[in-house]
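Undergrad: For reference, this is coords-v1.txt, and it has compact mmCIF, C-alpha atoms and all ligand atoms.
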# COMPACT_ATOMS: atom_id res chain seq x y z
CA MET A 1 115.27 150.21 74.18
CA HIS A 2 115.36 151.59 77.71
CA TYR A 3 113.46 149.52 80.30
CA ASP A 4 110.91 152.31 81.02
CA GLU A 5 110.17 152.63 77.34
CA PHE A 6 109.81 148.86 77.13
CA ILE A 7 107.25 148.88 79.96
CA ASP A 8 105.38 151.79 78.36
CA ASP A 9 105.37 149.86 75.14
CA GLN A 10 104.01 146.81 76.92
CA ASN A 11 101.27 148.87 78.56
CA ARG A 12 100.31 150.39 75.23
CA SER A 13 100.16 146.98 73.57
CA VAL A 14 97.98 145.58 76.37
CA ALA A 15 95.65 148.61 76.03
CA ASN A 16 95.52 147.95 72.30
CA ASP A 17 94.77 144.27 72.93
CA LEU A 18 91.87 145.23 75.17
CA ALA A 19 90.49 147.58 72.54
CA VAL A 20 90.81 144.87 69.89
CA VAL A 21 89.11 142.27 72.07
CA ALA A 22 86.34 144.72 72.96
CA ARG A 23 85.72 145.44 69.28
CA ALA A 24 85.94 141.81 68.21
CA ASP A 25 83.76 140.34 70.91
CA PRO A 26 82.20 142.67 73.45
CA GLY A 27 81.00 139.63 75.40
CA GLN A 28 84.61 138.78 76.19
CA LEU A 29 85.31 142.13 77.75
CA PHE A 30 84.63 140.97 81.24
CA VAL A 31 87.65 142.97 82.28
CA SER A 32 85.38 145.55 83.83
CA ALA A 33 83.76 142.73 85.77
CA LEU A 34 87.20 141.57 86.79
CA ARG A 35 88.05 144.95 88.21
CA PRO A 36 85.03 146.59 89.79
CA SER A 37 85.79 150.21 90.59
CA GLY A 38 86.63 150.87 94.19
CA ALA A 39 87.97 147.35 94.82
CA GLU A 40 91.57 148.53 94.84
CA PRO A 41 93.04 150.45 97.76
CA PRO A 42 93.65 154.05 96.63
CA GLY A 43 96.96 154.53 94.91
CA VAL A 44 97.66 150.81 94.59
CA PRO A 45 96.20 149.63 91.32
CA SER A 46 96.08 145.85 91.27
CA TYR A 47 96.89 145.58 87.59
CA HIS A 48 100.46 146.41 86.68
CA PRO A 49 101.67 144.87 83.46
CA GLY A 50 105.38 144.41 83.89
CA ARG A 51 105.24 144.32 87.69
CA PRO A 52 106.70 140.98 88.77
CA ALA A 53 104.23 138.75 90.57
CA ASP A 54 104.69 138.29 94.29
CA LEU A 55 102.24 135.41 94.42
CA CYS A 56 101.81 132.79 91.73
CA ILE A 57 98.55 130.87 91.96
CA VAL A 58 98.57 127.55 90.16
CA THR A 59 95.33 125.90 89.17
CA PRO A 60 95.32 122.41 87.66
CA THR A 61 92.52 121.92 85.17
CA PHE A 62 90.78 119.21 83.26
CA ASN A 63 87.51 120.29 81.62
CA GLU A 64 87.02 123.46 83.65
CA ALA A 65 86.33 125.92 80.80
CA GLU A 66 83.09 127.06 82.42
CA ASN A 67 84.75 127.90 85.73
CA LEU A 68 87.88 129.81 84.72
CA ALA A 69 86.52 133.33 84.18
CA GLU A 70 84.70 133.26 87.50
CA LEU A 71 87.83 131.96 89.24
CA VAL A 72 89.88 134.84 87.83
CA ARG A 73 87.21 137.35 88.82
CA ARG A 74 87.18 136.05 92.40
CA ILE A 75 90.98 135.97 92.66
CA ASP A 76 91.18 139.52 91.34
CA LEU A 77 88.69 140.70 93.96
CA ALA A 78 90.34 138.76 96.75
CA LEU A 79 93.86 140.00 95.94
CA ALA A 80 93.17 143.61 94.96
CA GLY A 81 96.39 145.59 95.33
CA GLU A 82 98.63 142.50 95.21
CA ALA A 83 100.89 141.54 92.31
CA TRP A 84 99.69 138.06 91.44
CA GLU A 85 99.68 135.76 88.46
CA LEU A 86 97.60 132.70 87.69
CA ILE A 87 99.03 129.68 85.88
CA VAL A 88 96.41 127.34 84.51
CA VAL A 89 97.97 123.91 83.98
CA ASP A 90 95.67 122.16 81.57
CA ASP A 91 96.00 118.54 80.43
CA ASP A 92 94.66 119.20 76.94
CA SER A 93 91.02 119.28 78.07
CA PRO A 94 88.59 118.47 75.27
CA ASP A 95 86.15 121.17 76.49
CA GLY A 96 88.56 123.97 75.45
CA THR A 97 89.83 124.99 78.89
CA ALA A 98 93.20 126.03 77.45
CA GLU A 99 91.52 128.20 74.81
CA ALA A 100 89.36 129.79 77.53
CA ALA A 101 92.57 130.55 79.43
CA ASP A 102 94.08 132.04 76.26
CA ARG A 103 91.07 134.36 75.93
CA LEU A 104 91.48 135.42 79.55
CA HIS A 105 95.17 136.08 78.91
CA ALA A 106 94.22 138.40 76.04
CA VAL A 107 92.41 140.70 78.45
CA ASP A 108 94.54 140.05 81.51
CA PRO A 109 98.14 138.90 80.92
CA ARG A 110 98.43 137.86 84.56
CA VAL A 111 96.59 134.71 83.47
CA ARG A 112 98.82 132.21 81.67
CA VAL A 113 98.30 128.69 80.50
CA LEU A 114 100.65 125.73 80.56
CA ARG A 115 99.26 123.07 78.29
CA ARG A 116 100.36 119.45 78.63
CA VAL A 117 99.60 117.03 75.84
CA GLY A 118 99.33 113.26 76.32
CA ARG A 119 99.67 113.63 80.07
CA ARG A 120 97.35 113.42 83.06
CA GLY A 121 97.82 113.99 86.76
CA LEU A 122 96.90 116.64 89.26
CA SER A 123 100.09 116.52 91.34
CA SER A 124 102.49 116.68 88.42
CA ALA A 125 100.42 119.51 86.93
CA CYS A 126 100.77 121.52 90.15
CA ILE A 127 104.52 120.87 90.37
CA GLU A 128 105.14 121.92 86.77
CA GLY A 129 102.91 124.99 87.15
CA MET A 130 104.77 126.12 90.27
CA LEU A 131 108.12 125.58 88.56
CA ALA A 132 107.00 127.78 85.67
CA SER A 133 106.88 130.83 87.94
CA SER A 134 109.55 133.08 89.42
CA ALA A 135 107.28 134.48 92.14
CA PRO A 136 108.60 134.16 95.72
CA TYR A 137 105.26 132.83 96.99
CA LEU A 138 103.21 130.06 95.42
CA ALA A 139 99.66 128.82 95.95
CA VAL A 140 97.61 125.93 94.59
CA ILE A 141 93.85 126.16 94.17
CA ASP A 142 91.22 124.00 92.41
CA ALA A 143 89.63 125.63 89.37
CA ASP A 144 86.08 124.56 90.18
CA LEU A 145 85.47 127.28 92.82
CA GLN A 146 85.34 124.80 95.69
CA HIS A 147 88.27 126.60 97.31
CA ASP A 148 87.48 130.14 98.41
CA PRO A 149 90.08 132.53 96.92
CA ARG A 150 89.44 134.98 99.77
CA LEU A 151 91.70 132.80 101.89
CA LEU A 152 94.64 133.59 99.58
CA ARG A 153 95.22 137.00 101.16
CA SER A 154 95.53 135.54 104.68
CA MET A 155 97.78 132.78 103.35
CA LEU A 156 100.07 135.35 101.75
CA GLN A 157 100.12 137.44 104.92
CA ARG A 158 101.15 134.45 107.04
CA LEU A 159 103.96 133.60 104.64
CA ARG A 160 105.18 137.18 104.61
CA GLN A 161 105.20 137.31 108.43
CA GLY A 162 107.93 134.70 108.18
CA ASP A 163 106.66 132.33 110.90
CA ALA A 164 105.32 129.75 108.42
CA ASP A 165 106.88 127.95 105.47
CA MET A 166 103.55 126.66 104.27
CA VAL A 167 99.93 127.67 104.91
CA VAL A 168 97.25 125.05 104.38
CA GLY A 169 93.53 125.63 103.88
CA SER A 170 92.12 123.12 106.34
CA ARG A 171 88.71 121.47 106.48
CA TYR A 172 89.53 119.74 109.76
CA THR A 173 90.57 122.57 112.06
CA ALA A 174 88.04 124.54 114.14
CA GLY A 175 85.96 126.62 111.73
CA GLY A 176 86.74 124.38 108.75
CA ASP A 177 84.07 122.29 107.06
CA LEU A 178 83.68 119.58 104.42
CA GLY A 179 80.62 121.37 103.04
CA THR A 180 77.98 119.18 101.47
CA TRP A 181 79.99 115.98 101.06
CA SER A 182 78.17 112.66 101.04
CA SER A 183 78.88 110.45 104.04
CA TRP A 184 80.94 107.90 102.03
CA ARG A 185 83.17 110.63 100.65
CA ALA A 186 83.64 112.21 104.07
CA ARG A 187 84.52 108.78 105.49
CA LEU A 188 86.97 108.13 102.66
CA SER A 189 88.68 111.48 103.19
CA ARG A 190 88.89 111.02 106.98
CA GLY A 191 90.17 107.46 106.53
CA ALA A 192 92.92 108.58 104.13
CA THR A 193 93.83 111.40 106.53
CA GLN A 194 94.20 108.93 109.40
CA VAL A 195 96.28 106.55 107.29
CA ALA A 196 98.60 109.42 106.35
CA GLN A 197 98.84 110.53 109.98
CA ARG A 198 99.43 107.09 111.49
CA LEU A 199 101.40 105.35 108.77
CA ALA A 200 103.48 108.21 107.49
CA GLY A 201 103.54 110.35 110.64
CA VAL A 202 102.04 113.48 109.12
CA GLU A 203 101.11 115.86 111.92
CA ILE A 204 98.75 118.39 110.39
CA ALA A 205 94.95 118.03 110.50
CA ASP A 206 94.26 118.16 106.75
CA PRO A 207 97.17 116.75 104.73
CA MET A 208 94.73 115.85 101.92
CA SER A 209 93.87 119.49 101.24
CA GLY A 210 94.36 120.72 97.70
CA PHE A 211 94.38 124.37 98.77
CA PHE A 212 97.65 125.72 100.16
CA ALA A 213 100.43 128.26 99.76
CA LEU A 214 104.17 128.03 100.34
CA ARG A 215 107.43 129.86 99.91
CA ARG A 216 109.07 129.04 96.63
CA ASP A 217 112.26 127.67 98.19
CA VAL A 218 110.17 125.10 100.12
CA LEU A 219 109.33 123.67 96.72
CA THR A 220 112.68 124.06 95.02
CA THR A 221 114.61 122.34 97.82
CA ARG A 222 112.30 119.31 97.62
CA VAL A 223 111.31 119.15 94.00
CA ARG A 224 113.74 116.42 92.94
CA ARG A 225 112.46 114.09 95.64
CA LEU A 226 108.74 114.60 95.01
CA SER A 227 106.78 111.59 93.74
CA GLY A 228 104.36 113.59 91.60
CA VAL A 229 102.00 110.60 91.71
CA GLY A 230 98.23 111.07 91.69
CA PHE A 231 96.03 113.67 93.39
CA LYS A 232 97.72 114.52 96.68
CA ILE A 233 100.39 117.11 96.04
CA LEU A 234 100.28 118.57 99.57
CA LEU A 235 100.87 115.14 101.13
CA ASP A 236 103.72 114.59 98.69
CA LEU A 237 105.33 117.87 99.79
CA LEU A 238 104.77 117.15 103.48
CA LEU A 239 106.31 113.69 103.25
CA THR A 240 109.35 114.89 101.34
CA ALA A 241 111.91 115.95 103.93
CA PRO A 242 109.22 116.85 106.47
CA ARG A 243 111.62 117.86 109.21
CA ASP A 244 111.47 121.45 110.44
CA LEU A 245 108.75 122.49 108.01
CA ARG A 246 106.59 125.07 109.78
CA VAL A 247 103.00 124.57 108.65
CA VAL A 248 100.07 126.76 109.65
CA GLU A 249 96.48 125.69 108.99
CA LEU A 250 93.70 128.17 108.26
CA PRO A 251 90.11 126.90 108.34
CA TYR A 252 87.90 127.03 105.27
CA ARG A 253 84.66 125.51 104.07
CA PHE A 254 84.88 123.24 101.03
CA GLY A 255 82.39 124.65 98.53
CA GLU A 256 80.08 122.86 96.18
CA ARG A 257 80.99 122.21 92.55
CA VAL A 258 78.44 124.19 90.54
CA ARG A 259 79.72 123.71 86.99
CA GLY A 260 81.73 120.98 85.32
CA GLU A 261 82.26 117.39 86.34
CA SER A 262 84.22 115.85 89.17
CA LYS A 263 87.32 113.88 88.16
CA LEU A 264 87.26 111.97 91.40
CA CYS A 265 87.06 108.21 90.77
CA GLY A 266 88.16 104.89 92.25
CA ALA A 267 91.69 105.38 90.90
CA VAL A 268 92.19 108.11 93.53
CA VAL A 269 92.39 105.47 96.27
CA TRP A 270 94.91 103.44 94.26
CA GLU A 271 97.00 106.54 93.55
CA PHE A 272 96.91 107.49 97.22
CA GLY A 273 98.28 104.02 98.03
CA LEU A 274 100.99 104.40 95.38
CA LEU A 275 102.04 107.77 96.75
CA LEU A 276 102.39 106.39 100.29
CA LEU A 277 104.26 103.37 98.95
CA ASP A 278 106.61 105.60 96.99
CA LYS A 279 107.28 107.66 100.10
CA LEU A 280 107.87 104.59 102.27
CA VAL A 281 109.88 102.29 99.97
CA GLY A 282 110.51 104.40 96.85
CA ARG A 283 114.16 104.82 97.76
CA TRP A 284 114.74 101.11 97.17
CA LEU A 285 111.95 100.08 94.82
CA PRO A 286 110.07 102.36 92.38
CA ALA A 287 106.36 102.52 93.29
CA ARG A 288 105.51 102.01 89.65
CA PHE A 289 107.36 98.69 89.66
CA VAL A 290 105.42 97.62 92.76
CA ALA A 291 102.19 98.61 90.98
CA PHE A 292 103.28 96.64 87.93
CA GLY A 293 103.97 93.63 90.16
CA LEU A 294 100.55 93.87 91.82
CA VAL A 295 98.86 94.04 88.42
CA GLY A 296 100.97 91.01 87.45
CA LEU A 297 99.51 89.11 90.42
CA LEU A 298 96.05 90.04 89.19
CA GLY A 299 97.06 88.66 85.77
CA LEU A 300 98.12 85.42 87.43
CA ALA A 301 94.70 85.12 89.11
CA VAL A 302 92.98 85.77 85.77
CA HIS A 303 95.18 83.15 84.12
CA PHE A 304 94.22 80.44 86.63
CA LEU A 305 90.56 81.40 86.55
CA VAL A 306 90.37 81.16 82.75
CA LEU A 307 92.52 78.03 82.61
CA SER A 308 90.50 76.16 85.23
CA GLN A 309 87.16 77.15 83.72
CA LEU A 310 88.20 76.09 80.21
CA TYR A 311 90.16 72.96 81.06
CA LEU A 312 88.02 71.58 83.85
CA ARG A 313 84.57 72.60 82.66
CA THR A 314 84.60 72.58 78.88
CA GLY A 315 86.84 69.70 77.91
CA VAL A 316 89.22 71.94 75.89
CA SER A 317 92.73 70.46 75.74
CA PHE A 318 95.21 71.68 78.36
CA ILE A 319 97.49 73.26 75.74
CA ALA A 320 94.64 75.21 74.13
CA ALA A 321 93.26 76.31 77.52
CA GLN A 322 96.74 77.34 78.68
CA ALA A 323 97.31 79.34 75.47
CA PHE A 324 93.94 81.10 75.76
CA ALA A 325 94.53 81.87 79.45
CA THR A 326 97.97 83.30 78.64
CA VAL A 327 96.59 85.62 75.95
CA THR A 328 93.75 86.74 78.23
CA ALA A 329 96.11 87.39 81.13
CA ILE A 330 98.44 89.46 78.92
CA GLY A 331 95.46 91.49 77.64
CA VAL A 332 94.12 92.10 81.15
CA ASN A 333 97.59 93.00 82.41
CA PHE A 334 98.05 95.51 79.62
CA ALA A 335 94.60 97.10 80.08
CA VAL A 336 94.90 97.42 83.86
CA ASN A 337 98.46 98.74 83.71
CA ASN A 338 97.34 101.31 81.17
CA LEU A 339 94.51 102.38 83.46
CA LEU A 340 96.31 102.35 86.80
CA THR A 341 100.09 102.00 86.62
CA TYR A 342 100.29 104.48 83.76
CA ALA A 343 97.22 106.59 84.59
CA ASP A 344 99.40 109.66 84.00
CA ARG A 345 100.11 108.76 80.35
CA PRO A 346 97.51 106.28 79.17
CA LEU A 347 97.48 105.00 75.59
CA ARG A 348 94.28 105.61 73.67
CA GLY A 349 92.75 104.73 70.29
CA LEU A 350 95.14 103.19 67.79
CA ARG A 351 98.08 103.62 70.16
CA TRP A 352 96.23 101.38 72.63
CA TRP A 353 96.15 98.51 70.11
CA ARG A 354 99.75 99.06 69.04
CA GLY A 355 100.72 99.14 72.70
CA LEU A 356 98.92 95.85 73.31
CA ALA A 357 100.74 94.15 70.43
CA GLY A 358 104.12 95.43 71.64
CA PHE A 359 103.32 94.45 75.23
CA ALA A 360 102.41 90.90 74.15
CA LEU A 361 105.75 90.63 72.34
CA ILE A 362 107.66 91.90 75.37
CA CYS A 363 105.84 89.45 77.65
CA GLY A 364 106.64 86.63 75.21
CA VAL A 365 110.35 87.39 75.48
CA GLY A 366 109.90 87.76 79.26
CA ALA A 367 108.39 84.27 79.46
CA ALA A 368 111.34 82.86 77.50
CA ALA A 369 113.73 84.63 79.89
CA ASN A 370 111.76 83.21 82.83
CA ILE A 371 112.06 79.64 81.54
CA GLY A 372 115.72 80.14 80.54
CA VAL A 373 116.83 81.53 83.92
CA ALA A 374 114.78 79.04 85.95
CA SER A 375 116.01 75.98 84.03
CA TRP A 376 119.63 77.17 84.13
CA LEU A 377 119.36 77.53 87.94
CA PHE A 378 117.63 74.17 88.20
CA THR A 379 120.45 72.44 86.34
CA ARG A 380 122.85 74.10 88.82
CA HIS A 381 121.01 72.30 91.65
CA ALA A 382 118.95 75.25 92.89
CA GLN A 383 115.77 74.11 94.67
CA TRP A 384 112.88 74.18 92.24
CA PRO A 385 110.75 76.85 94.05
CA VAL A 386 113.81 79.11 94.27
CA ALA A 387 114.61 78.57 90.59
CA ALA A 388 110.98 79.29 89.68
CA LEU A 389 110.82 82.48 91.78
CA ILE A 390 114.06 83.85 90.38
CA GLY A 391 112.79 83.06 86.85
CA ILE A 392 109.56 84.95 87.59
CA ALA A 393 111.50 87.90 89.07
CA ALA A 394 113.74 88.04 85.98
CA SER A 395 110.77 88.15 83.61
CA ALA A 396 108.96 90.73 85.80
CA VAL A 397 111.98 93.05 85.72
CA TRP A 398 112.33 92.55 81.96
CA ASN A 399 108.62 93.14 81.29
CA TYR A 400 108.57 96.24 83.46
CA ALA A 401 111.78 97.83 82.20
CA VAL A 402 111.14 97.19 78.52
CA SER A 403 107.44 98.12 78.55
CA ALA A 404 108.25 101.32 80.47
CA ARG A 405 110.75 102.17 77.75
CA TYR A 406 108.80 101.13 74.65
CA THR A 407 105.10 100.68 75.48
CA TRP A 408 104.51 103.62 77.80
CA ARG A 409 107.69 105.50 76.90
CA SER A 410 109.03 107.04 80.09
N1 LIG B 1 95.88 119.28 85.00
C1 LIG B 1 95.04 118.39 85.57
N2 LIG B 1 94.09 118.82 86.42
C2 LIG B 1 93.25 117.92 86.97
C3 LIG B 1 93.33 116.53 86.68
N3 LIG B 1 92.35 115.90 87.37
C4 LIG B 1 91.69 116.86 88.06
N4 LIG B 1 92.22 118.07 87.82
C5 LIG B 1 91.83 119.38 88.37
O1 LIG B 1 92.10 119.33 89.76
C6 LIG B 1 91.10 120.04 90.49
C7 LIG B 1 90.44 119.10 91.50
O2 LIG B 1 89.74 118.05 90.80
P1 LIG B 1 88.23 117.72 91.17
O3 LIG B 1 87.69 116.78 90.17
O4 LIG B 1 87.49 118.98 91.38
O5 LIG B 1 88.43 116.94 92.53
P2 LIG B 1 87.67 117.21 93.88
O6 LIG B 1 87.52 118.66 94.15
O7 LIG B 1 88.38 116.41 94.92
O8 LIG B 1 86.26 116.54 93.57
P3 LIG B 1 84.82 117.25 93.48
O9 LIG B 1 84.46 117.72 94.85
O10 LIG B 1 83.91 116.14 93.06
O11 LIG B 1 84.92 118.36 92.49
C8 LIG B 1 90.14 120.61 89.45
O12 LIG B 1 90.53 121.93 89.15
C9 LIG B 1 90.34 119.68 88.26
O13 LIG B 1 90.03 120.29 87.03
C10 LIG B 1 94.34 116.10 85.75
O14 LIG B 1 94.51 114.93 85.45
N5 LIG B 1 95.17 117.07 85.24
MG MG B 2 86.52 119.83 92.88
Transcribe the structure of this file into structure tokens.
Ligand SMILES: Nc1nc2c(ncn2[C@@H]2O[C@H](COP(=O)(O)OP(=O)(O)OP(=O)(O)O)[C@@H](O)[C@H]2O)c(=O)[nH]1
Ligand SMILES: [Mg+2]

TA:
Amino acid sequence: MHYDEFIDDQNRSVANDLAVVARADPGQLFVSALRPSGAEPPGVPSYHPGRPADLCIVTPTFNEAENLAELVRRIDLALAGEAWELIVVDDDSPDGTAEAADRLHAVDPRVRVLRRVGRRGLSSACIEGMLASSAPYLAVIDADLQHDPRLLRSMLQRLRQGDADMVVGSRYTAGGDLGTWSSWRARLSRGATQVAQRLAGVEIADPMSGFFALRRDVLTTRVRRLSGVGFKILLDLLLTAPRDLRVVELPYRFGERVRGESKLCGAVVWEFGLLLLDKLVGRWLPARFVAFGLVGLLGLAVHFLVLSQLYLRTGVSFIAAQAFATVTAIGVNFAVNNLLTYADRPLRGLRWWRGLAGFALICGVGAAANIGVASWLFTRHAQWPVAALIGIAASAVWNYAVSARYTWRS
């Protein structure tokens, strides 16, 4: 089939799809709302099936079904005349966000969905969404309407001018605004911004922004060195080979979330720390291993707390108290690692219990390795603290490597 015929065919099938959707469910035919007449400049219709997208907008979603249609409507208005596409990267939201995106796709094929199962994480979602596009310009926007899509046109213009590699929607430049944030949240955001600026040497005013656009090659030349940890994809990009990246900031006001729930929680601070750690020492030591080690220290504290309470206060024998403390510490270690170290692929339900059993087994072997290595070193006249530390290090490496492979399957 000749290419022109193929395109005609595509157009006809899209027109048919629209007719089918309109007949099946008139309520879904918001396509007229998506494209109010007169919004497009004359002679440049914004909707061209088959026209390759110049700008790919990626929106990460978790439980944003109620916001998607309005987001698409606003993007369509803001980018009338432009060839754009929207990739919704959904982490298998239970509220049916992916299905909502599928319904939008049926009436507007510029909307696509990338569904990830058994995974979580805003940064990795954005990276995978951007990699799924062939558009020369990419943008990232939240799905909950807190980022104003009208800024997308200016972002695209700045990128096309060629004097910027990346354009960031900034809440901290003149004209920008945090909106209606509570004082603790504003303080947290400013604190994290200052840490990123002072510790990691980031120069821009709002490296924590989740609203930005970039040339595709800026991503592709860095993608293998990105951490993909947590919430802060812009910071990740900025800290990956930051030299000679020309960044322009455009002010915007952070809007209020009207529908759906925030996914912001305490883990964001932890993930921010992990990201910085990965950027600072990740070349030598994986951040996940450091996280695993820190959780291990917490397990040690739990062990001593339980042991001392049982042995000193209740008259339980030392062996019984030690055994109970060991089991508790393993359980706590597993639960906290599942929540924090592996927040991007947590085990749930039955898999949680199976994971716990496997983890306990791995730790048992780790403890044997610890004792084996330490006593071997001790018999070779190593000083006892050195022998003990090397034994602990050996079991930590074993526990981490084997649980990453079998418990949380990397
Ligand atoms: N794919 C994916 N998207 C996520 C995940 N967590 C959050 N998101 C999306 O990322 C965007 C930002 O998350 P929000 O919870 O709105 O975070 P926020 O804007 O800093 O917080 P609020 O102001 O309280 O809304 C939204 O579109 C979320 O649906 C996730 O684990 N996976
Ligand atoms: Mg939000």

Undergrad: What are the nearest atom pairs, with distances in Å to one decimal, for all residues of range 102-147 of chain A that come at most 12 Å from range 347-366 of chain A, using all atoms listed in the file, set out by chain and rising residue number as a tab-separated table?

TA:
residue	atom	partner	partner_atom	distance
A:Gly118	CA	A:Leu347	CA	8.5
A:Arg119	CA	A:Leu347	CA	10.0
A:Arg120	CA	A:Leu347	CA	11.3

Undergrad: As a PyMOL selection string, please: the residues near Arg74 in chain A (cut-off 12 Å, all atoms listed in the file, same-chain neighbours under 3 positions excluded).

TA: chain A and resi 33-36+39+67-71+77-80+86+143-153

Undergrad: Using the selection just defined, write its residues with C-alpha atoms as a short mmCIF file (atom, residue, chain, number, x, y, z; two decimals), in the frame of the given file.

TA:
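See selection.cif below for the written result:
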data_model
loop_
_atom_site.label_atom_id
_atom_site.label_comp_id
_atom_site.auth_asym_id
_atom_site.auth_seq_id
_atom_site.Cartn_x
_atom_site.Cartn_y
_atom_site.Cartn_z
CA ALA A 33 83.76 142.73 85.77
CA LEU A 34 87.20 141.57 86.79
CA ARG A 35 88.05 144.95 88.21
CA PRO A 36 85.03 146.59 89.79
CA ALA A 39 87.97 147.35 94.82
CA ASN A 67 84.75 127.90 85.73
CA LEU A 68 87.88 129.81 84.72
CA ALA A 69 86.52 133.33 84.18
CA GLU A 70 84.70 133.26 87.50
CA LEU A 71 87.83 131.96 89.24
CA LEU A 77 88.69 140.70 93.96
CA ALA A 78 90.34 138.76 96.75
CA LEU A 79 93.86 140.00 95.94
CA ALA A 80 93.17 143.61 94.96
CA LEU A 86 97.60 132.70 87.69
CA ALA A 143 89.63 125.63 89.37
CA ASP A 144 86.08 124.56 90.18
CA LEU A 145 85.47 127.28 92.82
CA GLN A 146 85.34 124.80 95.69
CA HIS A 147 88.27 126.60 97.31
CA ASP A 148 87.48 130.14 98.41
CA PRO A 149 90.08 132.53 96.92
CA ARG A 150 89.44 134.98 99.77
CA LEU A 151 91.70 132.80 101.89
CA LEU A 152 94.64 133.59 99.58
CA ARG A 153 95.22 137.00 101.16
#

Undergrad: May I have the residues within 12 Å of ligand MG 2 (chain B), computed using only C-alpha atoms and all ligand atoms, as a PyMOL selection string?

TA: chain A and resi 59-64+67+122+141-148+178-179+181+209-211+231+254-265

Undergrad: One decimal, Å: what's the distance from CA of Leu237 in chain A over to CA of Tyr342 in chain A, could you say?

TA: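 About the pair CA of Leu237 in chain A and CA of Tyr342 in chain A: they are 21.5 Å apart.
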
Undergrad: Return as lines of an AutoDock Vina configuration file the centre and edge lengths, in Å with one decimal, of the box along x, y and z that encloses every atom of ligand LIG 1 (chain B) in the file, padded by 8 Å per side.

TA:
center_x = 89.9
center_y = 118.4
center_z = 90.0
size_x = 28.0
size_y = 23.0
size_z = 25.9

Undergrad: Which is closest to ligand LIG 1 (chain B) among A:Leu188, A:Ala164, A:Val386, A:Ala323, if we use all atoms listed in the file?

TA: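 Ranking A:Leu188, A:Ala164, A:Val386, A:Ala323 by distance to ligand LIG 1 (chain B), first place goes to A:Leu188.
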
Undergrad: May I ask which of the residues A:Ala53, A:Leu159, A:Leu275, A:Ala343 is the closest one to ligand LIG 1 (chain B), counting only C-alpha atoms and all ligand atoms?

TA: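 The closest residue to ligand LIG 1 (chain B) is A:Ala343.
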
Undergrad: In terms of the shortest atom-to-atom distance over only C-alpha atoms and all ligand atoms, which of A:Met130, A:Ala125, A:Ala106, A:Ala83 is closest to ligand LIG 1 (chain B)?

TA: A:Ala125

Undergrad: Around the point (104.7, 113.0, 101.5) (coordinates from the file), which residues reach within 10 Å if we count all atoms listed in the file? Answer as a short mmCIF file (atom, residue, chain, number, x, y, z; two decimals) with C-alpha atoms, in the coordinates of the input.

TA:
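Printed below is result-v1.cif as written:
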data_model
loop_
_atom_site.label_atom_id
_atom_site.label_comp_id
_atom_site.auth_asym_id
_atom_site.auth_seq_id
_atom_site.Cartn_x
_atom_site.Cartn_y
_atom_site.Cartn_z
CA ALA A 196 98.60 109.42 106.35
CA ALA A 200 103.48 108.21 107.49
CA GLY A 201 103.54 110.35 110.64
CA VAL A 202 102.04 113.48 109.12
CA PRO A 207 97.17 116.75 104.73
CA ARG A 225 112.46 114.09 95.64
CA LEU A 226 108.74 114.60 95.01
CA SER A 227 106.78 111.59 93.74
CA GLY A 228 104.36 113.59 91.60
CA LYS A 232 97.72 114.52 96.68
CA ILE A 233 100.39 117.11 96.04
CA LEU A 234 100.28 118.57 99.57
CA LEU A 235 100.87 115.14 101.13
CA ASP A 236 103.72 114.59 98.69
CA LEU A 237 105.33 117.87 99.79
CA LEU A 238 104.77 117.15 103.48
CA LEU A 239 106.31 113.69 103.25
CA THR A 240 109.35 114.89 101.34
CA ALA A 241 111.91 115.95 103.93
CA PRO A 242 109.22 116.85 106.47
CA LEU A 275 102.04 107.77 96.75
CA LEU A 276 102.39 106.39 100.29
CA LEU A 277 104.26 103.37 98.95
CA ASP A 278 106.61 105.60 96.99
CA LYS A 279 107.28 107.66 100.10
CA LEU A 280 107.87 104.59 102.27
#

Undergrad: Find the residue from A:Val290, A:Glu203, A:Pro52, A:Ala100 that sits nearest to Val72 in chain A; use only C-alpha atoms when measuring.

TA: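 Going through A:Val290, A:Glu203, A:Pro52, A:Ala100 one by one, the smallest distance to Val72 in chain A is for A:Ala100.
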
Undergrad: What gap, in Å, lies between CA of Gly299 in chain A and CA of Thr328 in chain A?

TA: 8.5 Å

Undergrad: Out of A:Ser154, A:Ser182, A:Thr193, A:Ser133, which residue has the shortest atom-to-atom distance to ligand LIG 1 (chain B) when counting all atoms listed in the file?

TA: A:Ser182

Undergrad: Would you mind telling me which residue in A:Pro286, A:His105, A:Leu294, A:Val140 lies nearest to ligand LIG 1 (chain B) when using all atoms listed in the file?

TA: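 Distance minimum relative to ligand LIG 1 (chain B) lands on A:Val140.
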
Undergrad: State, in Å with one decimal place, the distance from atom N5 of ligand LIG 1 (chain B) to CA of Cys56 in chain A.

TA: 18.3 Å

Undergrad: Give as a list in words every residue, naming chains and numbers as the document does, that has an atom within 12 Å of (91.8, 104.2, 93.9), counting only C-alpha atoms.

TA: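 It turns out the residues near that spot are Leu188, Ala192, Gly230, Phe231, Leu264, Cys265, Gly266, Ala267, Val268, Val269, Trp270, Glu271, Phe272, Gly273, Leu274, Leu275, Leu339, Leu340, Thr341 and Ala343 of chain A.
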
Undergrad: Write out as a compact mmCIF listing (two decimals) with C-alpha atoms, in the frame of the given file which residues come within 7 Å of range 214-223 of chain A when counting only C-alpha atoms, dropping same-chain ones fewer than 5 positions away.

TA:
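Result file follows (out35.txt):
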# COMPACT_ATOMS: atom_id res chain seq x y z
CA PRO A 136 108.60 134.16 95.72
CA TYR A 137 105.26 132.83 96.99
CA LEU A 138 103.21 130.06 95.42
CA ALA A 139 99.66 128.82 95.95
CA LEU A 159 103.96 133.60 104.64
CA ASP A 165 106.88 127.95 105.47
CA MET A 166 103.55 126.66 104.27
CA VAL A 167 99.93 127.67 104.91
CA THR A 240 109.35 114.89 101.34
